[in-house]
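Novice: mmCIF, C-alpha atoms and all ligand atoms, file start_32.cif:
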data_my_file
loop_
_atom_site.label_atom_id
_atom_site.label_comp_id
_atom_site.auth_asym_id
_atom_site.auth_seq_id
_atom_site.Cartn_x
_atom_site.Cartn_y
_atom_site.Cartn_z
CA MET A 1 0.00 0.00 0.00
CA SER A 2 2.74 2.41 1.02
CA LEU A 3 4.39 1.92 -2.38
CA SER A 4 1.32 3.02 -4.32
CA LEU A 5 1.60 5.95 -6.72
CA SER A 6 -1.55 7.40 -5.24
CA ALA A 7 -0.61 7.02 -1.55
CA GLY A 8 -1.89 9.88 0.59
CA LYS A 9 0.15 12.27 2.68
CA PRO A 10 2.07 10.30 5.33
CA GLU A 11 1.57 10.66 9.06
CA VAL A 12 4.77 11.92 10.64
CA PRO A 13 5.89 9.46 13.37
CA ASP A 14 7.37 10.57 16.70
CA ASP A 15 10.77 9.17 15.82
CA ALA A 16 11.13 11.44 12.75
CA ALA A 17 14.09 13.84 12.80
CA ASP A 18 13.58 17.08 10.84
CA GLY A 19 10.62 15.47 9.08
CA THR A 20 12.69 12.45 7.95
CA TRP A 21 12.35 8.84 9.09
CA LEU A 22 12.79 5.23 7.98
CA GLU A 23 9.70 3.14 7.30
CA CYS A 24 9.24 -0.56 6.58
CA ILE A 25 7.61 -1.09 3.18
CA ASP A 26 5.69 -4.11 4.51
CA CYS A 27 4.63 -3.65 8.15
CA GLY A 28 4.91 0.15 8.28
CA GLU A 29 7.12 0.17 11.41
CA THR A 30 9.04 3.45 11.66
CA PHE A 31 12.51 4.26 12.95
CA GLY A 32 14.55 7.42 13.53
CA PRO A 33 16.81 7.97 10.51
CA PHE A 34 20.18 8.19 12.25
CA GLU A 35 19.62 6.75 15.70
CA ASP A 36 21.01 3.25 15.03
CA VAL A 37 22.58 1.31 12.20
CA ARG A 38 19.91 -0.74 10.45
CA TYR A 39 19.29 -1.81 6.87
CA THR A 40 16.05 -3.77 7.16
CA CYS A 41 13.02 -3.75 9.46
CA ASP A 42 13.64 -4.89 13.06
CA GLU A 43 10.11 -6.29 13.18
CA CYS A 44 9.70 -8.22 9.91
CA ASP A 45 13.09 -7.99 8.12
CA SER A 46 11.57 -6.32 5.03
CA LEU A 47 13.12 -3.42 3.15
CA LEU A 48 13.14 0.10 4.57
CA GLU A 49 12.52 3.38 2.78
CA VAL A 50 13.48 6.90 3.75
CA ARG A 51 10.29 8.93 4.18
CA TYR A 52 9.72 12.69 4.40
CA ALA A 53 6.96 14.85 5.87
CA GLU A 54 7.14 17.22 2.87
CA HIS A 55 8.23 16.83 -0.75
CA PRO A 56 9.85 19.69 -2.65
CA THR A 57 8.66 20.99 -6.02
CA PHE A 58 10.93 21.65 -9.02
CA ASP A 59 11.15 25.31 -7.98
CA ASP A 60 12.81 24.31 -4.70
CA PHE A 61 15.80 22.79 -6.47
CA GLU A 62 18.91 24.90 -6.98
CA GLY A 63 22.55 24.29 -7.88
CA GLU A 64 23.96 21.44 -9.98
CA GLY A 65 24.36 17.71 -9.57
CA VAL A 66 23.02 15.38 -6.90
CA TRP A 67 23.01 18.04 -4.16
CA ARG A 68 20.82 20.31 -6.27
CA TYR A 69 18.07 18.03 -4.92
CA SER A 70 19.08 18.28 -1.23
CA ASP A 71 15.50 19.21 -0.27
CA ALA A 72 14.54 15.70 -1.38
CA LEU A 73 17.51 14.04 0.39
CA PRO A 74 18.06 13.03 4.03
CA LEU A 75 21.04 15.40 4.47
CA GLU A 76 21.88 18.92 3.29
CA SER A 77 25.28 17.95 1.85
CA GLY A 78 27.51 14.92 1.41
CA VAL A 79 30.95 13.54 0.69
CA THR A 80 31.00 14.81 -2.87
CA ALA A 81 33.06 14.45 -6.03
CA GLN A 82 30.62 16.54 -8.11
CA GLU A 83 28.45 13.62 -9.14
CA GLY A 84 25.26 13.89 -11.17
CA ALA A 85 24.32 16.46 -13.84
CA THR A 86 25.19 13.83 -16.45
CA PRO A 87 24.53 14.43 -20.16
CA LEU A 88 21.22 13.55 -21.80
CA TYR A 89 22.42 12.92 -25.35
CA GLU A 90 20.43 13.13 -28.55
CA VAL A 91 20.98 10.09 -30.79
CA PRO A 92 19.31 10.88 -34.13
CA ARG A 93 20.38 7.73 -35.98
CA LEU A 94 19.29 5.40 -33.20
CA GLU A 95 16.06 7.33 -32.75
CA GLU A 96 15.29 6.82 -36.43
CA SER A 97 16.30 3.17 -36.64
CA ILE A 98 14.43 2.19 -33.48
CA ASP A 99 11.55 4.39 -34.70
CA VAL A 100 10.32 6.33 -31.70
CA GLU A 101 9.20 9.96 -31.52
CA ALA A 102 12.20 10.95 -29.40
CA LEU A 103 15.09 9.03 -27.87
CA ARG A 104 17.60 10.45 -25.40
CA ILE A 105 20.45 8.67 -23.66
CA LYS A 106 21.06 9.55 -20.03
CA HIS A 107 24.72 8.61 -19.79
CA GLU A 108 25.46 7.81 -16.17
CA GLY A 109 28.91 6.65 -17.23
CA MET A 110 29.84 10.34 -17.10
CA ASN A 111 29.83 10.38 -13.29
CA PRO A 112 33.17 10.78 -11.44
CA THR A 113 33.93 7.04 -11.15
CA GLY A 114 32.13 6.22 -14.39
CA SER A 115 28.80 4.88 -13.15
CA PHE A 116 25.53 5.92 -11.50
CA LYS A 117 26.72 4.40 -8.21
CA ASP A 118 28.37 7.73 -7.34
CA ARG A 119 24.94 9.31 -6.83
CA GLY A 120 24.13 6.74 -4.16
CA MET A 121 27.56 6.83 -2.55
CA THR A 122 27.70 10.60 -2.06
CA VAL A 123 24.62 10.22 0.17
CA GLY A 124 25.43 6.78 1.63
CA VAL A 125 28.95 7.69 2.74
CA ALA A 126 27.68 10.97 4.24
CA VAL A 127 25.10 9.00 6.26
CA ALA A 128 27.87 6.60 7.36
CA LYS A 129 29.77 9.60 8.71
CA GLU A 130 26.64 10.89 10.44
CA LEU A 131 26.19 7.46 12.08
CA GLY A 132 29.86 7.43 13.10
CA VAL A 133 30.55 3.95 11.72
CA GLY A 134 34.04 2.57 11.05
CA ARG A 135 34.66 0.36 8.03
CA LEU A 136 32.46 0.60 4.92
CA ALA A 137 31.73 -2.51 2.86
CA CYS A 138 29.87 -3.79 -0.18
CA ALA A 139 29.48 -6.82 -2.39
CA SER A 140 29.81 -5.85 -6.02
CA THR A 141 29.85 -6.82 -9.65
CA GLY A 142 32.39 -3.98 -9.87
CA ASN A 143 30.89 -0.52 -10.13
CA THR A 144 29.64 -0.28 -6.56
CA SER A 145 33.09 -1.29 -5.35
CA ALA A 146 34.74 1.43 -7.47
CA ALA A 147 32.36 4.08 -6.17
CA LEU A 148 32.60 2.90 -2.56
CA ALA A 149 36.40 2.89 -2.70
CA ALA A 150 36.51 6.40 -4.19
CA TYR A 151 33.91 8.00 -1.91
CA GLY A 152 35.20 6.14 1.14
CA SER A 153 38.70 7.43 0.52
CA ARG A 154 37.33 10.93 -0.07
CA GLY A 155 35.60 10.67 3.29
CA GLY A 156 38.80 9.34 4.92
CA MET A 157 37.23 5.98 5.71
CA GLU A 158 38.37 2.37 5.44
CA THR A 159 36.67 0.29 2.70
CA LEU A 160 36.22 -3.42 2.10
CA VAL A 161 34.77 -4.94 -1.09
CA LEU A 162 33.75 -8.51 -1.90
CA LEU A 163 33.86 -9.39 -5.59
CA PRO A 164 32.95 -12.56 -7.50
CA ALA A 165 36.35 -13.96 -8.57
CA GLY A 166 36.99 -13.77 -12.31
CA LYS A 167 33.71 -11.99 -13.08
CA VAL A 168 34.53 -8.32 -12.59
CA ALA A 169 35.66 -6.11 -15.48
CA ALA A 170 39.27 -4.90 -15.36
CA GLY A 171 38.59 -1.15 -15.07
CA LYS A 172 36.45 -1.61 -11.98
CA ILE A 173 39.00 -3.69 -10.07
CA ALA A 174 41.68 -1.16 -10.99
CA GLN A 175 39.56 1.62 -9.48
CA ALA A 176 38.78 -0.21 -6.24
CA SER A 177 42.44 -1.11 -5.96
CA LEU A 178 43.94 2.33 -6.51
CA HIS A 179 41.38 4.05 -4.28
CA GLY A 180 42.65 1.81 -1.51
CA ALA A 181 39.84 -0.69 -0.85
CA ARG A 182 40.70 -4.03 0.66
CA ILE A 183 39.52 -6.39 -2.09
CA LEU A 184 38.35 -9.92 -1.29
CA GLU A 185 37.76 -12.14 -4.33
CA VAL A 186 35.09 -14.66 -3.44
CA ASP A 187 34.86 -18.08 -5.04
CA GLY A 188 31.18 -17.59 -5.85
CA ASN A 189 28.81 -15.26 -7.68
CA PHE A 190 27.63 -11.77 -6.70
CA ASP A 191 24.64 -13.09 -4.78
CA ALA A 192 26.95 -15.19 -2.58
CA CYS A 193 29.12 -12.09 -1.98
CA LEU A 194 26.05 -10.13 -0.91
CA ASP A 195 24.92 -12.89 1.47
CA ILE A 196 28.34 -12.77 3.15
CA VAL A 197 28.62 -8.99 3.37
CA GLN A 198 25.12 -8.82 4.89
CA GLU A 199 26.30 -11.28 7.55
CA LEU A 200 29.41 -9.19 8.19
CA ALA A 201 27.26 -6.07 8.53
CA SER A 202 24.82 -7.75 10.91
CA GLN A 203 27.78 -8.85 13.05
CA GLY A 204 28.92 -5.21 13.23
CA GLU A 205 32.07 -5.81 11.15
CA ALA A 206 31.24 -3.14 8.60
CA TYR A 207 28.62 -0.63 7.41
CA LEU A 208 26.79 -2.01 4.37
CA LEU A 209 26.64 0.23 1.31
CA ASN A 210 24.86 -2.00 -1.18
CA SER A 211 21.53 -0.78 -2.52
CA LEU A 212 19.76 -2.61 0.33
CA ASN A 213 20.87 0.47 2.25
CA PRO A 214 17.88 2.80 1.84
CA PHE A 215 20.00 5.97 1.94
CA ARG A 216 21.88 5.00 -1.22
CA LEU A 217 18.68 4.89 -3.21
CA GLU A 218 17.89 8.46 -2.14
CA GLY A 219 20.93 9.67 -4.09
CA GLN A 220 19.95 7.56 -7.10
CA LYS A 221 16.50 9.18 -7.16
CA THR A 222 18.18 12.25 -8.62
CA ILE A 223 18.56 10.49 -11.99
CA GLY A 224 14.77 10.67 -12.23
CA PHE A 225 14.64 14.33 -11.24
CA GLU A 226 17.27 15.24 -13.84
CA ILE A 227 15.57 13.35 -16.67
CA LEU A 228 12.15 14.82 -15.89
CA GLU A 229 13.45 18.39 -15.61
CA ALA A 230 15.34 18.07 -18.89
CA PHE A 231 12.41 16.59 -20.84
CA ARG A 232 10.08 19.25 -19.47
CA ASP A 233 12.52 21.97 -20.57
CA ASP A 234 13.27 20.44 -24.00
CA TYR A 235 9.89 18.99 -25.02
CA GLY A 236 7.43 20.67 -22.67
CA ALA A 237 6.42 17.20 -21.44
CA PHE A 238 7.85 14.40 -19.33
CA PRO A 239 9.13 11.22 -21.05
CA ASP A 240 6.57 8.50 -21.75
CA ARG A 241 9.03 5.80 -20.77
CA ILE A 242 12.37 5.29 -19.04
CA VAL A 243 14.26 2.13 -19.99
CA LEU A 244 17.05 0.87 -17.77
CA PRO A 245 19.24 -2.18 -17.14
CA VAL A 246 18.29 -4.16 -14.03
CA GLY A 247 20.52 -6.07 -11.65
CA ASN A 248 19.56 -5.68 -8.01
CA ALA A 249 16.71 -3.38 -9.13
CA GLY A 250 17.98 -0.53 -6.93
CA ASN A 251 17.78 2.05 -9.69
CA THR A 252 14.31 0.90 -10.70
CA SER A 253 13.21 1.34 -7.08
CA ALA A 254 14.90 4.74 -6.82
CA LEU A 255 13.31 6.09 -10.01
CA TYR A 256 9.89 4.92 -8.86
CA LYS A 257 10.42 6.68 -5.53
CA ALA A 258 11.32 9.90 -7.36
CA PHE A 259 8.05 9.65 -9.32
CA ARG A 260 5.97 8.97 -6.20
CA GLU A 261 7.46 11.97 -4.44
CA LEU A 262 6.81 14.23 -7.43
CA VAL A 263 3.21 12.99 -7.58
CA GLN A 264 2.87 13.78 -3.86
CA ALA A 265 4.36 17.24 -4.44
CA GLY A 266 1.78 17.87 -7.17
CA GLU A 267 4.48 18.20 -9.87
CA LEU A 268 3.56 15.07 -11.79
CA ASP A 269 0.07 13.87 -12.66
CA ARG A 270 -0.66 10.18 -12.19
CA ASP A 271 -1.07 9.78 -15.99
CA GLU A 272 2.21 11.57 -16.73
CA VAL A 273 4.37 9.11 -14.81
CA PRO A 274 6.94 7.53 -17.16
CA LYS A 275 6.57 3.79 -17.72
CA LEU A 276 9.45 2.08 -15.95
CA THR A 277 10.88 -0.54 -18.26
CA GLY A 278 13.55 -2.91 -16.98
CA VAL A 279 15.96 -4.89 -19.11
CA GLN A 280 17.95 -7.93 -18.02
CA ALA A 281 20.35 -10.28 -19.77
CA GLU A 282 18.76 -13.59 -20.81
CA GLY A 283 21.15 -15.50 -18.56
CA ALA A 284 20.22 -13.46 -15.46
CA ALA A 285 16.57 -12.49 -15.78
CA PRO A 286 14.66 -13.27 -12.55
CA MET A 287 12.84 -9.92 -12.57
CA VAL A 288 11.64 -10.45 -16.13
CA GLU A 289 10.41 -13.90 -15.13
CA ALA A 290 8.43 -12.42 -12.21
CA ILE A 291 6.87 -9.69 -14.38
CA GLU A 292 5.95 -12.19 -17.12
CA ASN A 293 4.40 -14.57 -14.57
CA GLY A 294 2.60 -11.85 -12.63
CA ALA A 295 4.41 -13.13 -9.53
CA ASP A 296 4.63 -11.16 -6.29
CA GLU A 297 8.01 -12.62 -5.47
CA VAL A 298 11.11 -13.15 -7.52
CA ARG A 299 12.63 -16.63 -7.73
CA ARG A 300 16.36 -16.60 -7.01
CA TRP A 301 18.39 -17.90 -9.98
CA GLU A 302 21.38 -19.85 -8.69
CA ASP A 303 23.18 -20.08 -12.04
CA VAL A 304 23.57 -16.80 -13.87
CA GLU A 305 25.73 -15.94 -16.86
CA THR A 306 26.11 -12.99 -19.21
CA ARG A 307 28.85 -10.98 -20.85
CA ALA A 308 27.24 -7.96 -19.14
CA THR A 309 28.96 -8.85 -15.85
CA ALA A 310 27.59 -5.76 -14.05
CA ILE A 311 24.10 -7.30 -14.13
CA ARG A 312 25.11 -10.93 -13.61
CA ILE A 313 22.74 -11.15 -10.63
CA GLY A 314 20.24 -13.89 -9.74
CA ASN A 315 18.67 -12.48 -6.59
CA PRO A 316 17.53 -8.87 -7.08
CA VAL A 317 17.23 -7.77 -3.46
CA ASN A 318 15.20 -4.65 -4.22
CA ALA A 319 12.51 -6.55 -6.12
CA PRO A 320 9.81 -5.81 -3.46
CA LYS A 321 10.26 -2.10 -4.23
CA ALA A 322 10.85 -2.44 -7.96
CA LEU A 323 8.02 -4.82 -8.96
CA PRO A 324 5.32 -2.34 -7.82
CA GLY A 325 7.27 0.39 -9.62
CA ILE A 326 7.16 -1.42 -12.95
CA ARG A 327 3.51 -2.45 -12.51
CA GLU A 328 2.07 0.82 -11.18
CA THR A 329 3.69 2.82 -13.97
CA ASP A 330 2.34 0.41 -16.63
CA GLY A 331 5.90 -0.46 -17.52
CA THR A 332 7.31 -3.85 -18.37
CA ALA A 333 10.49 -5.93 -18.30
CA ILE A 334 12.27 -7.81 -21.06
CA SER A 335 15.41 -9.87 -21.46
CA VAL A 336 17.97 -9.56 -24.24
CA SER A 337 20.74 -11.85 -25.49
CA ASP A 338 24.43 -11.05 -25.13
CA LYS A 339 24.51 -10.66 -28.93
CA GLU A 340 21.76 -8.02 -28.80
CA ILE A 341 23.65 -6.27 -26.00
CA THR A 342 26.84 -6.14 -28.06
CA GLU A 343 24.96 -4.82 -31.10
CA ALA A 344 23.44 -2.04 -28.98
CA GLN A 345 26.86 -1.26 -27.53
CA ARG A 346 28.12 -0.79 -31.12
CA ASP A 347 25.07 1.28 -32.05
CA LEU A 348 25.71 3.64 -29.13
CA ALA A 349 29.42 3.77 -29.96
CA GLY A 350 28.39 4.72 -33.51
CA GLU A 351 26.79 7.84 -32.03
CA GLY A 352 29.94 8.60 -30.04
CA ILE A 353 28.62 7.23 -26.76
CA GLY A 354 30.90 4.70 -25.09
CA VAL A 355 29.20 2.39 -22.63
CA GLU A 356 29.90 -0.91 -20.90
CA PRO A 357 27.83 -3.98 -21.93
CA ALA A 358 25.25 -3.84 -19.10
CA SER A 359 24.43 -0.25 -20.04
CA ALA A 360 23.71 -1.16 -23.63
CA ALA A 361 21.03 -3.58 -22.41
CA SER A 362 18.64 -0.62 -22.09
CA VAL A 363 18.92 0.23 -25.79
CA ALA A 364 18.81 -3.45 -26.80
CA GLY A 365 15.63 -3.86 -24.76
CA LEU A 366 14.02 -0.77 -26.26
CA ARG A 367 14.76 -1.97 -29.79
CA LYS A 368 13.19 -5.35 -29.03
CA LEU A 369 10.09 -3.88 -27.35
CA ARG A 370 9.58 -1.50 -30.26
CA ALA A 371 9.94 -4.37 -32.77
CA GLU A 372 7.32 -6.30 -30.79
CA GLY A 373 5.01 -3.27 -30.87
CA ILE A 374 4.95 -2.98 -27.06
CA VAL A 375 6.67 0.39 -27.32
CA GLU A 376 4.83 2.61 -29.79
CA SER A 377 6.28 4.94 -32.41
CA ASP A 378 4.81 8.07 -30.81
CA GLU A 379 6.67 7.56 -27.53
CA ARG A 380 9.34 9.84 -26.11
CA VAL A 381 11.87 7.61 -24.40
CA ALA A 382 14.92 8.01 -22.17
CA CYS A 383 17.35 5.10 -22.00
CA LEU A 384 19.74 4.94 -19.10
CA THR A 385 23.30 3.91 -19.81
CA THR A 386 24.71 3.09 -16.42
CA GLY A 387 28.47 2.71 -16.89
CA HIS A 388 31.33 3.97 -19.06
CA LEU A 389 33.00 2.01 -21.90
CA LEU A 390 36.38 2.08 -20.12
CA LYS A 391 34.96 0.10 -17.22
CA ASP A 392 35.22 -3.02 -19.36
CA PRO A 393 38.01 -2.48 -21.91
CA ASP A 394 38.09 -6.18 -22.83
CA ALA A 395 34.42 -6.19 -23.84
CA ALA A 396 34.91 -2.98 -25.84
CA ALA A 397 37.93 -4.35 -27.69
CA ALA A 398 36.11 -7.60 -28.44
CA ALA A 399 33.10 -5.70 -29.84
CA GLY A 400 35.16 -3.21 -31.85
CA ASN A 401 37.68 -3.23 -34.69
CA ASP A 402 41.05 -4.94 -34.25
CA PRO A 403 44.19 -2.82 -34.67
CA GLU A 404 46.11 -3.59 -37.91
CA PRO A 405 49.90 -4.06 -37.75
CA VAL A 406 51.72 -1.96 -40.40
CA PRO A 407 55.37 -1.30 -41.21
CA ALA A 408 56.98 1.95 -40.03
CA ASP A 409 56.96 3.66 -43.45
CA THR A 410 54.43 5.67 -45.39
CA ASP A 411 54.38 3.36 -48.41
CA GLY A 412 53.61 0.42 -46.19
CA VAL A 413 50.83 2.35 -44.46
CA LEU A 414 49.38 3.41 -47.84
CA ALA A 415 49.51 -0.21 -49.05
CA SER A 416 47.58 -1.28 -45.96
CA LEU A 417 45.03 1.49 -46.44
CA ALA A 418 44.50 0.39 -50.05
CA SER A 419 43.74 -3.18 -49.03
CA GLU A 420 40.50 -4.47 -47.53
CA ASN A 421 40.43 -4.13 -43.76
CA SER A 422 40.39 -7.81 -42.91
CA SER A 423 39.91 -7.16 -39.20
CA GLU A 424 36.79 -5.00 -39.50
CA ARG A 425 33.91 -6.61 -37.66
N1 LIG A 501 24.31 -1.20 -14.84
C1 LIG A 501 25.53 -1.22 -14.29
C2 LIG A 501 26.67 -0.73 -15.11
C3 LIG A 501 25.71 -1.71 -12.98
O1 LIG A 501 26.93 -1.71 -12.44
C4 LIG A 501 24.60 -2.19 -12.27
C5 LIG A 501 24.74 -2.73 -10.93
C6 LIG A 501 23.35 -2.14 -12.89
C7 LIG A 501 23.25 -1.65 -14.17
C8 LIG A 501 22.12 -2.62 -12.22
O2 LIG A 501 21.63 -1.69 -11.34
O3 LIG A 501 21.36 -3.09 -9.32
O4 LIG A 501 20.29 -0.86 -9.50
O5 LIG A 501 19.46 -2.76 -10.86
N2 LIG A 501 25.85 -2.99 -10.40
C9 LIG A 501 26.04 -3.40 -9.00
C10 LIG A 501 27.50 -3.35 -8.63
C11 LIG A 501 25.36 -4.65 -8.64
O6 LIG A 501 27.91 -4.08 -7.73
O7 LIG A 501 28.22 -2.55 -9.22
P1 LIG A 501 20.61 -2.12 -10.19
#
Would you mind writing the file's structure down as structure tokens?

Specialist:
Amino acid sequence: MSLSLSAGKPEVPDDAADGTWLECIDCGETFGPFEDVRYTCDECDSLLEVRYAEHPTFDDFEGEGVWRYSDALPLESGVTAQEGATPLYEVPRLEESIDVEALRIKHEGMNPTGSFKDRGMTVGVAVAKELGVGRLACASTGNTSAALAAYGSRGGMETLVLLPAGKVAAGKIAQASLHGARILEVDGNFDACLDIVQELASQGEAYLLNSLNPFRLEGQKTIGFEILEAFRDDYGAFPDRIVLPVGNAGNTSALYKAFRELVQAGELDRDEVPKLTGVQAEGAAPMVEAIENGADEVRRWEDVETRATAIRIGNPVNAPKALPGIRETDGTAISVSDKEITEAQRDLAGEGIGVEPASAASVAGLRKLRAEGIVESDERVACLTTGHLLKDPDAAAAAGNDPEPVPADTDGVLASLASENSSER
């Protein structure tokens, strides 16, 4: 009920601080926001959300980046590296070939550490400081670990990351390493890493900064605010649909929360809410399965595989927040093959936008949904690309042209240029 788009104004509980509190999405139990460390409900173990007595309107926002939206965040300021305010690119060739009214790419790879995780970390690490915790930790398919390591070191805090051995792209490990995280490579997949780090957190060994942490999702809400403001300014209307890759479904949950808060603030009509459309890789698609089956719960996939390692996830922990988001906005979810992901990665690269494989899933999914007639030609769509090309240089090199060896003289170079490029894909 509390996750409905048309929920009424909330009652402010006694434990609220400055009109902010934590509330269980299932049993409604409330907690003070910063009084203790907790990630889930003490009563029923369900997910928590940050709740506010008042929601700002667009006019209340000022400045640039994530902290422009501080009136919609649990703190006034954070441990910042100037995250947010990412580009919303036009892509005329893709727009025409996919055949939609308008297509824009919100490139979250342009954040300081190259992924949208920075938006969550600027808030999450600030809350960690507020709580006075020691070591920060996360399980990660790579990007969360890079962002945690960078923001943790910016905040002068110790960081620990658990990664699935052999399944994290090179750029991401390099980032976590140089920013000084202690890196543990686990002989298991991401879901196993998350199980362990949750145990460590519950034993007080570390403060958990995965997207189970409700404060992180507050920062990620700002993607929604930015897209809606930009569409309103450029087209005089909000987008009909936002398409995004799904792993743990944190972003899906965060965008839905942004919409609900704007509806509450009277900025967004119920029928203007963009349709949230999630895309997963075929080899890791438990959310798609749940949407297709009309299920209330997501079945955990034990064996997951995809070239898009960032979303190689079988147990999307934020599903209880994200499933209502997809359904209430009349959105949908679809899976795409690794081949379709690579083709979309090339298509984006052909418009000068370099993304990692998981990011390209959004565009691959849109193309497929349009071909199936589920997305219509009169729609204005924003696709999220979540991480930068350089995150996964091996995938980029495999999808792109091979370098051609040539002799160190002009005649030799000219001879090569005159011949067919045998290495072109
Ligand atoms: N795209 C990229 C590039 C990601 O790194 C992730 C998640 C997602 C999409 C999925 O987002 O979980 O909010 O649905 N990466 C996490 C990590 C799991 O550890 O970096 P979600």

Novice: Between A:Thr342, A:Gln203, A:Gln264, A:Asn210, which residue has the minimum interatomic distance to Ala7 in chain A, considering all atoms listed in the file?

Specialist: A:Gln264

Novice: Name the residues in contact with Lys321 in chain A at a cut-off of 8 Å, using only C-alpha atoms, excluding same-chain residues fewer than 2 positions from it; report them as a PyMOL selection string.

Specialist: chain A and resi 3+25+253+318-319+323-325

Novice: Can I get the selected residues back with C-alpha atoms, as an mmCIF file, keeping the file's coordinate frame?

Specialist:
data_model
loop_
_atom_site.group_PDB
_atom_site.id
_atom_site.type_symbol
_atom_site.label_atom_id
_atom_site.label_comp_id
_atom_site.auth_asym_id
_atom_site.auth_seq_id
_atom_site.Cartn_x
_atom_site.Cartn_y
_atom_site.Cartn_z
ATOM 1 C CA LEU A 3 4.390 1.920 -2.380
ATOM 2 C CA ILE A 25 7.610 -1.090 3.180
ATOM 3 C CA SER A 253 13.210 1.340 -7.080
ATOM 4 C CA ASN A 318 15.200 -4.650 -4.220
ATOM 5 C CA ALA A 319 12.510 -6.550 -6.120
ATOM 6 C CA LEU A 323 8.020 -4.820 -8.960
ATOM 7 C CA PRO A 324 5.320 -2.340 -7.820
ATOM 8 C CA GLY A 325 7.270 0.390 -9.620
#

Novice: Within 12 Å of Glu83 in chain A, counting only C-alpha atoms, which residues qualify if same-chain residues fewer than 4 places away don't, as an MDAnalysis selection string?

Specialist: chainID A and resid 64:68 78:79 87 108:123 147 150:151 219:220 222:223

Novice: Pick out the residues no farther than 7 Å from ligand LIG 501 (chain A), counting all atoms listed in the file, and list them as a PyMOL selection string.

Specialist: chain A and resi 115+139-145+245-252+310-311+356+358-359+386-387

Novice: If you count only C-alpha atoms, which residues fall within 12 Å of Glu261 in chain A, apart from same-chain ones fewer than 2 positions away, as a ChimeraX atom specification?

Specialist: /A:2-10,50-58,71-73,218,221-222,224-225,254-259,263-270,273

Novice: Using all atoms listed in the file, which residue out of A:Ala397, A:Arg327, A:Leu75, A:Leu217 lies closest to Ala349 in chain A?

Specialist: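 Distance minimum relative to Ala349 in chain A lands on A:Ala397.
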
Novice: Which residues, protein or nucleic acid, reach to within 12 Å of (37.5, -3.3, -16.9) in the file's coordinates when using only C-alpha atoms, and can you give that as a ChimeraX atom specification?

Specialist: /A:114,141-143,146,166-176,308-310,355-357,387-397

Novice: Could you jot down the CA of Arg312 in chain A to CA of Leu94 in chain A separation for me, Å, one decimal place?

Specialist: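 According to the coordinates, CA of Arg312 in chain A and CA of Leu94 in chain A are separated by 26.2 Å.
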
Novice: If I take CA of Ser362 in chain A and CA of Val381 in chain A, how far is one from the other in Å, to one decimal?

Specialist: 10.9 Å

Novice: May I ask which of the residues A:Leu212, A:Val100, A:Leu136, A:Ile334 is the closest one to Leu47 in chain A, counting only C-alpha atoms?

Specialist: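 Smallest separation from Leu47 in chain A among the options: A:Leu212.
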
Novice: Could you jot down the CA of Glu282 in chain A to CA of Arg104 in chain A separation for me, Å, one decimal place?

Specialist: 24.5 Å

Novice: Would you place a box with edges along x, y and z of the file around all atoms of range 197-202 of chain A listed there, add 6 Å to each of its six sides, and report the centre and edge lengths in Å to one decimal, as JSON?

Specialist:
{"center_x": 27.1, "center_y": -8.7, "center_z": 7.1, "size_x": 16.6, "size_y": 17.2, "size_z": 19.5}

Novice: Contacts of Val279 in chain A at 12 Å or less, counting only C-alpha atoms, minus same-chain residues fewer than 4 places along, as a PyMOL selection string?

Specialist: chain A and resi 242-249+251-252+283-289+291+308+311+326+331-337+340-341+358-369+383-385

Novice: Give me the residues near Trp301 in chain A as a CSV table (one decimal) with C-alpha atoms, keeping the file's coordinate frame, where near means some atom within 7 Å (using all atoms listed in the file) and where sequence neighbours in that chain fewer than 3 positions away do not count.

Specialist:
chain,number,residue,atom,x,y,z
A,286,PRO,CA,14.7,-13.3,-12.6
A,304,VAL,CA,23.6,-16.8,-13.9
A,314,GLY,CA,20.2,-13.9,-9.7
A,315,ASN,CA,18.7,-12.5,-6.6

Novice: Which is closer to Asp330 in chain A than all the others in A:Pro274, A:Gly294, A:Gly204, A:Gly354, using all atoms listed in the file?

Specialist: A:Pro274

Novice: For Ala295 in chain A, which residue out of A:Pro320, A:Asp409, A:Thr329, A:Ala418 is the nearest one, using only C-alpha atoms?

Specialist: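 Counting only C-alpha atoms, the residue closest to Ala295 in chain A is A:Pro320.
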
Novice: List as a PDB file with C-alpha atoms, in the frame of the given file: which residues have an atom within 8 Å of (30.6, -7.7, 2.5), counting all atoms listed in the file?

Specialist:
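This went into result_4.pdb:
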ATOM      1  CA  ALA A 137      31.730  -2.510   2.860  1.00  0.00           C
ATOM      2  CA  CYS A 138      29.870  -3.790  -0.180  1.00  0.00           C
ATOM      3  CA  ALA A 139      29.480  -6.820  -2.390  1.00  0.00           C
ATOM      4  CA  LEU A 160      36.220  -3.420   2.100  1.00  0.00           C
ATOM      5  CA  VAL A 161      34.770  -4.940  -1.090  1.00  0.00           C
ATOM      6  CA  LEU A 162      33.750  -8.510  -1.900  1.00  0.00           C
ATOM      7  CA  CYS A 193      29.120 -12.090  -1.980  1.00  0.00           C
ATOM      8  CA  LEU A 194      26.050 -10.130  -0.910  1.00  0.00           C
ATOM      9  CA  ASP A 195      24.920 -12.890   1.470  1.00  0.00           C
ATOM     10  CA  ILE A 196      28.340 -12.770   3.150  1.00  0.00           C
ATOM     11  CA  VAL A 197      28.620  -8.990   3.370  1.00  0.00           C
ATOM     12  CA  GLN A 198      25.120  -8.820   4.890  1.00  0.00           C
ATOM     13  CA  GLU A 199      26.300 -11.280   7.550  1.00  0.00           C
ATOM     14  CA  LEU A 200      29.410  -9.190   8.190  1.00  0.00           C
ATOM     15  CA  ALA A 201      27.260  -6.070   8.530  1.00  0.00           C
ATOM     16  CA  ALA A 206      31.240  -3.140   8.600  1.00  0.00           C
ATOM     17  CA  LEU A 208      26.790  -2.010   4.370  1.00  0.00           C
TER      18      LEU A 208
END
